[in-house]
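Trainee: So that we are looking at the same thing, I have put the structure below in structure tokens.
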Amino acid sequence: VQLQASGGGSVQSGGSLRLSCAASGSNFRNFHTGWFRQAPGKEREFVAAISRSASGFNPRYADSVKGRFTISRDNARKMVYLQMNSLKPDDTAVYYCGITTIVWAYVDSMSRYTNWGQGTLVTVSS
């Protein structure tokens with residue numbers, strides 16, 4: 001499965017953006033999907049993850065984005081989305097989508113992801 005992230009841009013603090021992750025390949029619905037981000041000079045960190053099916057586990061979020069970000073997926077379109085509201089300057093980073101088959105308990109672990117998109121830059125100004 002190949003992934004391509006898009007939707008990044010520059011917004012002011014308090015603004016919103018919607019990131020998209022398009023997947024190619026026939027097995028997308030077999031993977032949990034996650035969003036991670038990497039700010040300049042920092043390590044890549046977990047943002048959100050969604051189970052492989054709508055009937056699966058509830059989405060998981062990093063504490064820093066809970067209540068502001070919403071992850072969703074459309075398996076028919078092979079898409080995953082990250083709706084980001086109330087953006088803050090600290091949200092500035094390159095955002096990556098990835099897929100994993102790891103058990104849900106470890107879905108926030110970057111090392112368990114096998115495929116990544118190329119990243120999309122989000123810049124939030126104060």
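Residues in the structure tokens are numbered from 1 in each chain, the chains being A, B, ... in the order shown, and ligands are numbered from 1 in the order shown.
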Mind checking which residues fall within 6 Å of Leu3 (chain A), counting only C-alpha atoms, ignoring those fewer than 3 positions away in the same chain, and posting them as a PyMOL selection string?

Mentor: chain A and resi 22-23+117

Trainee: Check chain A with DSSP on the backbone and list each residue it calls strand (DSSP E), as a count of residues only.

Mentor: 60

Trainee: Can you tell me, as a PyMOL selection string, what residues are no more than 12 Å from region 110-112 of chain A when counting only C-alpha atoms, ignoring any on the same chain fewer than 3 positions away?

Mentor: chain A and resi 31-38+43-49+96-107+115-116

Trainee: Out of A:Leu82, A:Ala39, A:Leu121, A:Ile50, which residue has the shortest atom-to-atom distance to Ser16 (chain A) when counting only C-alpha atoms?

Mentor: A:Leu82

Trainee: At a cut-off of 10 Å, using only C-alpha atoms, what residues contact Leu87 (chain A)? Leave out same-chain residues fewer than 4 positions from it and give the result as a list of chain:residue names.

Mentor: A:Val11, A:Gln12, A:Ser13, A:Gly14, A:Gly15, A:Ser16, A:Leu17, A:Val65, A:Arg68, A:Phe69, A:Asp91, A:Thr92, A:Val122, A:Thr123, A:Val124, A:Ser125, A:Ser126

Trainee: Residues of the last selection are to be written out with N, CA and C atoms, as an mmCIF file, in the first residue's frame.

Mentor:
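For reference, part.cif as written:
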data_model
loop_
_atom_site.group_PDB
_atom_site.id
_atom_site.type_symbol
_atom_site.label_atom_id
_atom_site.label_comp_id
_atom_site.auth_asym_id
_atom_site.auth_seq_id
_atom_site.Cartn_x
_atom_site.Cartn_y
_atom_site.Cartn_z
ATOM 1 N N VAL A 11 -1.908 28.659 8.191
ATOM 2 C CA VAL A 11 -3.111 29.235 8.787
ATOM 3 C C VAL A 11 -2.727 30.029 10.018
ATOM 4 N N GLN A 12 -3.617 30.888 10.437
ATOM 5 C CA GLN A 12 -3.398 31.612 11.684
ATOM 6 C C GLN A 12 -3.911 30.794 12.850
ATOM 7 N N SER A 13 -3.409 31.123 14.007
ATOM 8 C CA SER A 13 -3.838 30.449 15.237
ATOM 9 C C SER A 13 -5.364 30.511 15.355
ATOM 10 N N GLY A 14 -5.966 29.384 15.698
ATOM 11 C CA GLY A 14 -7.412 29.283 15.784
ATOM 12 C C GLY A 14 -8.069 28.789 14.515
ATOM 13 N N GLY A 15 -7.313 28.714 13.447
ATOM 14 C CA GLY A 15 -7.850 28.268 12.181
ATOM 15 C C GLY A 15 -7.978 26.760 12.081
ATOM 16 N N SER A 16 -8.407 26.311 10.907
ATOM 17 C CA SER A 16 -8.645 24.887 10.675
ATOM 18 C C SER A 16 -8.006 24.440 9.368
ATOM 19 N N LEU A 17 -7.651 23.181 9.327
ATOM 20 C CA LEU A 17 -7.185 22.527 8.117
ATOM 21 C C LEU A 17 -7.679 21.103 8.121
ATOM 22 N N VAL A 65 -3.866 16.974 21.245
ATOM 23 C CA VAL A 65 -4.810 17.310 20.173
ATOM 24 C C VAL A 65 -6.240 16.888 20.493
ATOM 25 N N ARG A 68 -9.635 18.751 19.612
ATOM 26 C CA ARG A 68 -9.382 19.695 18.513
ATOM 27 C C ARG A 68 -9.266 18.987 17.159
ATOM 28 N N PHE A 69 -8.713 17.786 17.161
ATOM 29 C CA PHE A 69 -8.487 17.030 15.929
ATOM 30 C C PHE A 69 -9.453 15.850 15.871
ATOM 31 N N ASP A 91 1.254 23.336 16.801
ATOM 32 C CA ASP A 91 0.859 22.296 15.857
ATOM 33 C C ASP A 91 1.676 22.349 14.566
ATOM 34 N N THR A 92 2.507 23.358 14.432
ATOM 35 C CA THR A 92 3.348 23.489 13.248
ATOM 36 C C THR A 92 4.288 22.299 13.129
ATOM 37 N N VAL A 122 2.276 21.730 7.769
ATOM 38 C CA VAL A 122 1.277 22.600 8.388
ATOM 39 C C VAL A 122 2.010 23.678 9.170
ATOM 40 N N THR A 123 1.706 24.920 8.879
ATOM 41 C CA THR A 123 2.326 26.046 9.571
ATOM 42 C C THR A 123 1.233 26.902 10.190
ATOM 43 N N VAL A 124 1.327 27.090 11.506
ATOM 44 C CA VAL A 124 0.329 27.881 12.220
ATOM 45 C C VAL A 124 1.028 29.099 12.807
ATOM 46 N N SER A 125 0.578 30.260 12.417
ATOM 47 C CA SER A 125 1.185 31.489 12.902
ATOM 48 C C SER A 125 0.321 32.112 13.998
ATOM 49 N N SER A 126 0.994 32.801 14.905
ATOM 50 C CA SER A 126 0.274 33.413 16.040
ATOM 51 C C SER A 126 -0.277 34.775 15.687
#

Trainee: If you run DSSP on this backbone, which residues of chain A come out as helix (DSSP H, G or I), and could you give them as a ChimeraX atom specification?

Mentor: /A:28-30,89-91,104-106,110-112

Trainee: For Tyr95 (chain A), which residue among A:Gly119, A:Lys78, A:Ser55, A:Cys21 is the nearest when counting only C-alpha atoms?

Mentor: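 Nearest candidate to Tyr95 (chain A) out of A:Gly119, A:Lys78, A:Ser55, A:Cys21: A:Gly119.
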
Trainee: Which one is closest to Gly56 (chain A): A:Arg77, A:Lys88, A:Lys42, A:Arg29? Count only C-alpha atoms.

Mentor: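 Among the listed residues, A:Arg29 lies closest to Gly56 (chain A).
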
Trainee: So, counting only C-alpha atoms, which residue among A:Thr70, A:Ser51, A:Gln83, A:Thr114 is closest to Ser20 (chain A)?

Mentor: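 Closest residue, counting only C-alpha atoms: A:Gln83.
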
Trainee: When distances are computed from only C-alpha atoms, which of A:Gly25, A:Asp108, A:Val94, A:Tyr113 shows the smallest separation from Ser10 (chain A)?

Mentor: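 With only C-alpha atoms as the atom set, the closest residue is A:Val94.
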
Trainee: Between A:Ser86, A:Asn58, A:Asn75, A:Ser109, which has the minimum distance to Ser24 (chain A) (counting only C-alpha atoms)?

Mentor: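 Residue with the minimum atom-to-atom distance to Ser24 (chain A): A:Asn75.
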